[in-house]
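Below is one structure, written out as structure tokens; the observations come after it.
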2 protein chains.
Amino acid sequence: MKTRKIVLPESEIPTQWYNVLPDLPTPLEPPLHPGTGQPVGPEDLAPIFPMPLIEQEVSQERFINIPDEVLEKYLIWRPTPLYRAYGLEKYLNTPAKIYFKNEGVSPAGSHKPNTAIAQAYFNKISGTRKLYTETGAGQWGSALAFSCALFGLELKVYMVKISYMHKPYRRIMMETWGANCTASPSTETQSGRTILERDPECPGSLGMAISEAVECAVMEEDSKYSLGSVLNHVMLHQTINGLECQKQMAIAGDYPDIIIGCAGGGSNFAGNCLPFVRDKINGKNIDIIAVEPTSCPTLTRGPFAYDFGDTAQMTPLLPMHTLGHNFVPEAIHAGGLRYHGMAPIISQLLLSNLIRAISVPQLETFKAGVTFARTEGFISAPETNHAIAATIQEALKAREEGKEKVILLNWSGHGLVDMAAYDDYLSGRLKDYALSDEQIQKALVDIEPLVKPVQYKG
Amino acid sequence: MKTRKIVLPESEIPTQWYNVLPDLPTPLEPPLHPGTGQPVGPEDLAPIFPMPLIEQEVSQERFINIPDEVLEKYLIWRPTPLYRAYGLEKYLNTPAKIYFKNEGVSPAGSHKPNTAIAQAYFNKISGTRKLYTETGAGQWGSALAFSCALFGLELKVYMVKISYMHKPYRRIMMETWGANCTASPSTETQSGRTILERDPECPGSLGMAISEAVECAVMEEDSKYSLGSVLNHVMLHQTINGLECQKQMAIAGDYPDIIIGCAGGGSNFAGNCLPFVRDKINGKNIDIIAVEPTSCPTLTRGPFAYDFGDTAQMTPLLPMHTLGHNFVPEAIHAGGLRYHGMAPIISQLLLSNLIRAISVPQLETFKAGVTFARTEGFISAPETNHAIAATIQEALKAREEGKEKVILLNWSGHGLVDMAAYDDYLSGRLKDYALSDEQIQKALVDIEPLVKPVQYKG
């Protein structure tokens, strides 16, 4: 009898997060103040983040203890199972061994609670009464709503309008957990009103929603802002995934030749791969692949530059790959990948040739998702389907080359709340979007690259 | 640090199902042929079920081996975790210890794959090419679609029209797994057309959808019918739940004083409680409570009688509590509980005072579900909310009485595909339905009770 599931006992759950900062071959450039252009200090961030998270943002400690209160909540769904994808392997007739880490078993259905629980906790102990945040497809917003319910915090979510309309289920999830949710851009904030004056039909973007949430957090007493990706402390919290995975691969008696994850702001990708990046820095030979949509090709076609995290230019300038803070991606169903920027840590890893990036068109991702559902039984989030498409590409390449590669797929979440997207695909309504160089150049008009665009050379 | 989750190691998964038939104090009355009124034999069932399932239907073996191929698929998501509901206990300020068994971790999101996997397997090895079935809210249809994908069987699902319209996500899940799904009553079958002629706006019912599926299975070569509840072999397969639960309660060092599950056709309720019913027969003192909607009060207000399982009177007559095969319940969101009949095993347990039954109105169930989501983090299926409402009732009673009762809640599935129902509730659009004695008497016009209506005396 084939056992597909590699279960890590609760007693083996990692009790520390891994911080990649001290191991980076090239240190990160500092974030810059949006007004002065000078490096930001803790005091600049204090209005929007609680001090423990600000400290984690710049910590040079390689391992940081996970508080008991956070571990206790993690144990609601963690450790998550690692699976051997025998069904998919057989269907592809590949000699590759495919493993996937199932982050979809959390109550919110994705990897996002890994940092949502931690952020809710550190805000709670720092006296925060209410959090503001933004969300794309709703995975982040629902994860934070779940976490705020468990820690007794109020929550207001600005949800990108196109997702708010297309994905009502995640809005209702947030409301069920007690959060308040508004479509962004909204008339509730100055930044929202400015955008709507320019374009009343604006479908919204993560950058715009961030502006609205930050504006509120700054204005209101005892309230803070929470971000679900991009920042160093978010990457830190997500490493619980990869740390578990390392133990589970050891139980399976294998080690990945290839690691694949989808990348929007980078938190899901980082969470799985960072502990393995450390191995790679220490000499392991691993091909680590970030997968993004061809319609939002931040890592594959964007320059590395200082840019704002949001549209209204309220956040610090971050050193990252970017398509420009005014870039509004097409309305693909993988809302979590519709972000113009990227986590500075991930960008730095790309510059250092420790990872590489590819992009996949929408139709190929859904075809891969349907194949996965029919061979492995799990229905995947549209974001996750990007990683599955790349996994299938690599498994077929292994078949051509006759190599028994070990592929680790970071399965970031289930798609049960995204079934409308599958309906569009199965009934032929879904399409691919081509993005011309001119479109990208236009979005980048006021962005000054720090270095030449990078091609992976590994 | 409080550990909420009681995990059963994979090596401890039960390898046999428990069959309650030999332990029943009173043997079941036989099913009767719809035409002759005589007890049905295996040859009568052969056109719609494969022989291994027909044998299980009447087996007097107390334990039946689970084939390796079924266990292998069970291990995709089983053993499922048992949880201690510390958050809910604290919120209710109750001395009761509340445990819940999370059957929502299956890829389809409910307990239904426990029998869907088994039925797909026994059909596959018996040469079945295609299965026909019906579904209410879609939990059963999606579970069977998932299972048929894994075993390479074709599947056609007749979905109750009201749910087909209100719950498109489960239809799309079925299609993603490769099944074909039609709203019932449909024009594809004789029984569907007959119903539509009488009532073109008919919202459908499980009884009608069963008629359509059975009609097709009988007509088509190499095809069989599959039922997700009511029958003995379905109850048998579901006992994997309760058997795991017994081991997990032992790990927790507790034993339930009260067991609570929702009951539509009875499979979810039976799956959890039957192994404990055996303990009760052997002397344990347990209060076992079936919870149904006030709008479809089969056990609480229906007589025990021979009745058809379907509207078109094509199925055998079963000895069960029934509201009449023509009863069409109001369009509550708990579609899986909208069934006029009940599993004969469950009815017999009620007659024997081994279980009792209560009913709960819709609004109370959603209020309970929201409380559960905000205290335990999990969003429950509308069906499951019925069991949660009863659990809260019992936990509050324990508080009044100052008793440290141990309550085991059978948490049958998550509600992530039912968020429209929560939207209706949260925005005040949901309502309760009163059901008059006259309405019930009208539906029961041609039903002859076998015994007087039972009141629980335990």
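Letters for chains follow the order of the structure tokens (A, B, ...), residue numbers begin at 1 for each chain, and ligand numbers begin at 1 in the order shown.
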Would you kindly return, as a PDB file with N, CA and C atoms, in the first residue's frame, each protein, DNA or RNA residue with an atom no farther than 7 Å from any atom of A:Leu243, considering only C-alpha atoms and excluding same-chain residues fewer than 3 positions away?
ATOM      1  N   PRO A  14       8.452  23.006  14.116  1.00  0.00           N
ATOM      2  CA  PRO A  14       9.558  23.935  14.399  1.00  0.00           C
ATOM      3  C   PRO A  14       9.129  24.987  15.421  1.00  0.00           C
ATOM      4  N   THR A 239       8.378  31.015   6.984  1.00  0.00           N
ATOM      5  CA  THR A 239       9.377  29.934   6.901  1.00  0.00           C
ATOM      6  C   THR A 239       8.994  28.694   7.690  1.00  0.00           C
ATOM      7  N   ILE A 240       7.975  28.784   8.533  1.00  0.00           N
ATOM      8  CA  ILE A 240       7.489  27.580   9.224  1.00  0.00           C
ATOM      9  C   ILE A 240       7.178  26.483   8.196  1.00  0.00           C
ATOM     10  N   GLN A 246      11.550  20.559   5.291  1.00  0.00           N
ATOM     11  CA  GLN A 246      12.876  19.936   5.382  1.00  0.00           C
ATOM     12  C   GLN A 246      12.825  18.668   6.226  1.00  0.00           C
ATOM     13  N   LYS A 247      12.082  18.740   7.338  1.00  0.00           N
ATOM     14  CA  LYS A 247      11.962  17.541   8.185  1.00  0.00           C
ATOM     15  C   LYS A 247      11.193  16.444   7.462  1.00  0.00           C
ATOM     16  N   PRO A 275      14.350  28.262   3.758  1.00  0.00           N
ATOM     17  CA  PRO A 275      15.235  27.330   4.458  1.00  0.00           C
ATOM     18  C   PRO A 275      16.098  26.502   3.493  1.00  0.00           C
TER      19      PRO A 275
END
Next item on the list: Mind checking which residues fall within 9 Å of stretch 1-11 of chain B, counting only C-alpha atoms, ignoring those fewer than 4 positions away in the same chain, and posting them as a PyMOL selection string?
Entry: (chain A and resi 3+5+7+9-10+68-69+71-73+75-77) or (chain B and resi 75+78-86+244-245+247-249+251-252)
Margin query: Need to verify the contact set: stretch 334-347 of chain A, 6 Å, only C-alpha atoms, exclusion of same-chain residues closer than 4 positions in sequence. Can you return it as a list in words?
Written below: Gly136, Ala137, Val230, Gly264, Gly265, Gly266, Pro319, Met320, His321, Thr322, Leu323, Pro329, Pro382 and Glu383 of chain A
Notebook entry, point to check: Which residues in stretch 71-231 of chain B does DSSP call helix (DSSP H, G or I)? List them as an NGL selection string.
Noted result: :B and (71-74 or 86-92 or 103-105 or 113-125 or 139-151 or 161-166 or 168-176 or 190-198 or 206-219)
Next item on the list: Identify all residues of stretch 2-112 of chain B in strand (DSSP E or B) (DSSP on the backbone) and supply them as a list in words.
Entry: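 In stretch 2-112 of chain B, DSSP puts these residues in strand (DSSP E or B): Lys5, Ile6, Gln16, Trp17, Tyr18, Leu32, Pro39, Phe63, Ile64, Asn65, Leu82, Tyr83, Arg84, Lys97, Ile98, Tyr99, Phe100, Lys101, Asn102 and Ser110 of chain B.
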7 Å contacts from chain A to chain B using only C-alpha atoms, as a PDB file with C-alpha atoms, in the first residue's frame:
ATOM      1  CA  MET A   1       0.000   0.000   0.000  1.00  0.00           C
ATOM      2  CA  LYS A   2       1.426   3.369  -1.070  1.00  0.00           C
ATOM      3  CA  THR A   3       1.377   6.028   1.640  1.00  0.00           C
ATOM      4  CA  ARG A   4       1.005   9.396  -0.043  1.00  0.00           C
ATOM      5  CA  LYS A   5       1.074  11.583   3.018  1.00  0.00           C
ATOM      6  CA  ASP A  68       3.890  29.748  22.602  1.00  0.00           C
ATOM      7  CA  GLU A  72      -0.718  27.077  19.959  1.00  0.00           C
ATOM      8  CA  ILE A  76      -4.921  24.209  14.870  1.00  0.00           C
ATOM      9  CA  VAL A 105      -5.507  22.702   5.254  1.00  0.00           C
ATOM     10  CA  PRO A 107      -9.133  27.118   8.229  1.00  0.00           C
ATOM     11  CA  PHE A 146      -9.615  34.397  11.052  1.00  0.00           C
ATOM     12  CA  ALA A 149     -11.180  36.595  15.591  1.00  0.00           C
ATOM     13  CA  LEU A 150      -8.932  34.250  17.576  1.00  0.00           C
ATOM     14  CA  TYR A 169     -17.268  34.088  -0.936  1.00  0.00           C
ATOM     15  CA  ILE A 172     -18.368  36.650   3.296  1.00  0.00           C
ATOM     16  CA  MET A 173     -15.702  34.539   5.007  1.00  0.00           C
ATOM     17  CA  THR A 176     -18.322  35.567   9.157  1.00  0.00           C
ATOM     18  CA  TRP A 177     -15.128  35.923  11.170  1.00  0.00           C
ATOM     19  CA  VAL A 370      -7.767  20.502 -13.659  1.00  0.00           C
ATOM     20  CA  ALA A 373      -7.667  17.791  -9.425  1.00  0.00           C
ATOM     21  CA  ARG A 374      -8.365  14.686 -11.487  1.00  0.00           C
ATOM     22  CA  THR A 375      -5.118  12.906 -10.601  1.00  0.00           C
ATOM     23  CA  GLY A 377      -7.985  14.866  -5.889  1.00  0.00           C
ATOM     24  CA  PHE A 378      -7.288  18.394  -4.650  1.00  0.00           C
ATOM     25  CA  LEU A 416     -12.891  25.838  -3.270  1.00  0.00           C
ATOM     26  CA  VAL A 417     -13.637  29.544  -2.920  1.00  0.00           C
ATOM     27  CA  MET A 419     -14.815  27.821  -8.332  1.00  0.00           C
ATOM     28  CA  ALA A 420     -16.191  30.625 -10.532  1.00  0.00           C
ATOM     29  CA  TYR A 422     -12.911  27.061 -12.955  1.00  0.00           C
ATOM     30  CA  ASP A 423     -16.390  27.596 -14.371  1.00  0.00           C
TER      31      ASP A 423
END
Check: So what do you get for atom CA of A:Cys296 versus atom CA of A:Val360, distance-wise?
Finding: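 Calculated distance between atom CA of A:Cys296 and atom CA of A:Val360 is 9.9 Å.
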Checklist line | Selection near stretch 46-63 of chain A, 7 Å with only C-alpha atoms, sequence-local residues under 5 positions removed, as number ranges by chain | finding: A: 16-22, 122-123, 126, 217-218, 224-225, 232-233
Margin query: So, with only C-alpha atoms as the atoms that count, which of A:Ile125, A:Leu350, A:Leu408, A:Ile447 lies closest to A:Ala395?
Written below: A:Leu408
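Residues in contact with A:His33 at up to 12 Å, not including ones fewer than 2 positions away on its chain and judged by only C-alpha atoms, are A:Pro30, A:Pro31, A:Gly35, A:Thr36, A:Gly37, A:Gln38, A:Pro39, A:Val40, A:Gly41, A:Pro42, A:Glu43, A:Asp44, A:Leu45, A:Tyr306, A:Asp307, A:Phe308, A:Gly309, A:Gln313, A:Met314, A:Thr315, A:Pro316, A:Leu317, A:Leu318.
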Item checked: Shell of 7 Å around B:Gly261, only C-alpha atoms, local chain residues under 6 positions omitted, as a list in words ->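 Within the cut-off, the hits are Phe269, Ile289, Ala290, Val291, Ala387, Leu409 and Asn410 of chain B.
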Can I get the selection written as a PDB file, in the first residue's frame, with N, CA and C atoms?
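Output contents, as saved in again-v2.pdb:
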ATOM      1  N   PHE B 269     -24.425  11.042  10.694  1.00  0.00           N
ATOM      2  CA  PHE B 269     -24.751  10.749  12.090  1.00  0.00           C
ATOM      3  C   PHE B 269     -24.316   9.331  12.458  1.00  0.00           C
ATOM      4  N   ILE B 289     -27.529  12.084  20.239  1.00  0.00           N
ATOM      5  CA  ILE B 289     -28.569  12.996  19.750  1.00  0.00           C
ATOM      6  C   ILE B 289     -28.438  13.263  18.251  1.00  0.00           C
ATOM      7  N   ALA B 290     -29.491  12.928  17.515  1.00  0.00           N
ATOM      8  CA  ALA B 290     -29.574  13.285  16.099  1.00  0.00           C
ATOM      9  C   ALA B 290     -30.275  14.625  15.977  1.00  0.00           C
ATOM     10  N   VAL B 291     -29.703  15.535  15.166  1.00  0.00           N
ATOM     11  CA  VAL B 291     -30.264  16.879  15.037  1.00  0.00           C
ATOM     12  C   VAL B 291     -30.740  17.094  13.607  1.00  0.00           C
ATOM     13  N   ALA B 387     -25.731  20.552  14.227  1.00  0.00           N
ATOM     14  CA  ALA B 387     -25.099  19.840  15.333  1.00  0.00           C
ATOM     15  C   ALA B 387     -24.431  20.811  16.300  1.00  0.00           C
ATOM     16  N   LEU B 409     -18.897  16.322  19.333  1.00  0.00           N
ATOM     17  CA  LEU B 409     -19.625  16.913  18.210  1.00  0.00           C
ATOM     18  C   LEU B 409     -19.054  16.357  16.913  1.00  0.00           C
ATOM     19  N   ASN B 410     -19.929  15.807  16.099  1.00  0.00           N
ATOM     20  CA  ASN B 410     -19.480  15.297  14.803  1.00  0.00           C
ATOM     21  C   ASN B 410     -19.525  16.438  13.794  1.00  0.00           C
TER      22      ASN B 410
END
Please provide as a PDB file with C-alpha atoms, in the first residue's frame all residues within 7 Å of A:Leu206, with the sequence filter that same-chain residues fewer than 2 positions apart are discarded (counting only C-alpha atoms).
ATOM      1  CA  GLU A 134      -5.803  45.201   2.005  1.00  0.00           C
ATOM      2  CA  THR A 135      -6.493  42.011   0.084  1.00  0.00           C
ATOM      3  CA  GLY A 136      -6.531  40.868  -3.531  1.00  0.00           C
ATOM      4  CA  VAL A 160      -9.469  45.009  -4.635  1.00  0.00           C
ATOM      5  CA  MET A 208      -4.405  51.090  -4.337  1.00  0.00           C
ATOM      6  CA  ALA A 209      -5.889  49.030  -1.535  1.00  0.00           C
ATOM      7  CA  ILE A 210      -2.657  49.320   0.437  1.00  0.00           C
ATOM      8  CA  TYR A 339       1.014  42.880  -7.561  1.00  0.00           C
TER       9      TYR A 339
END
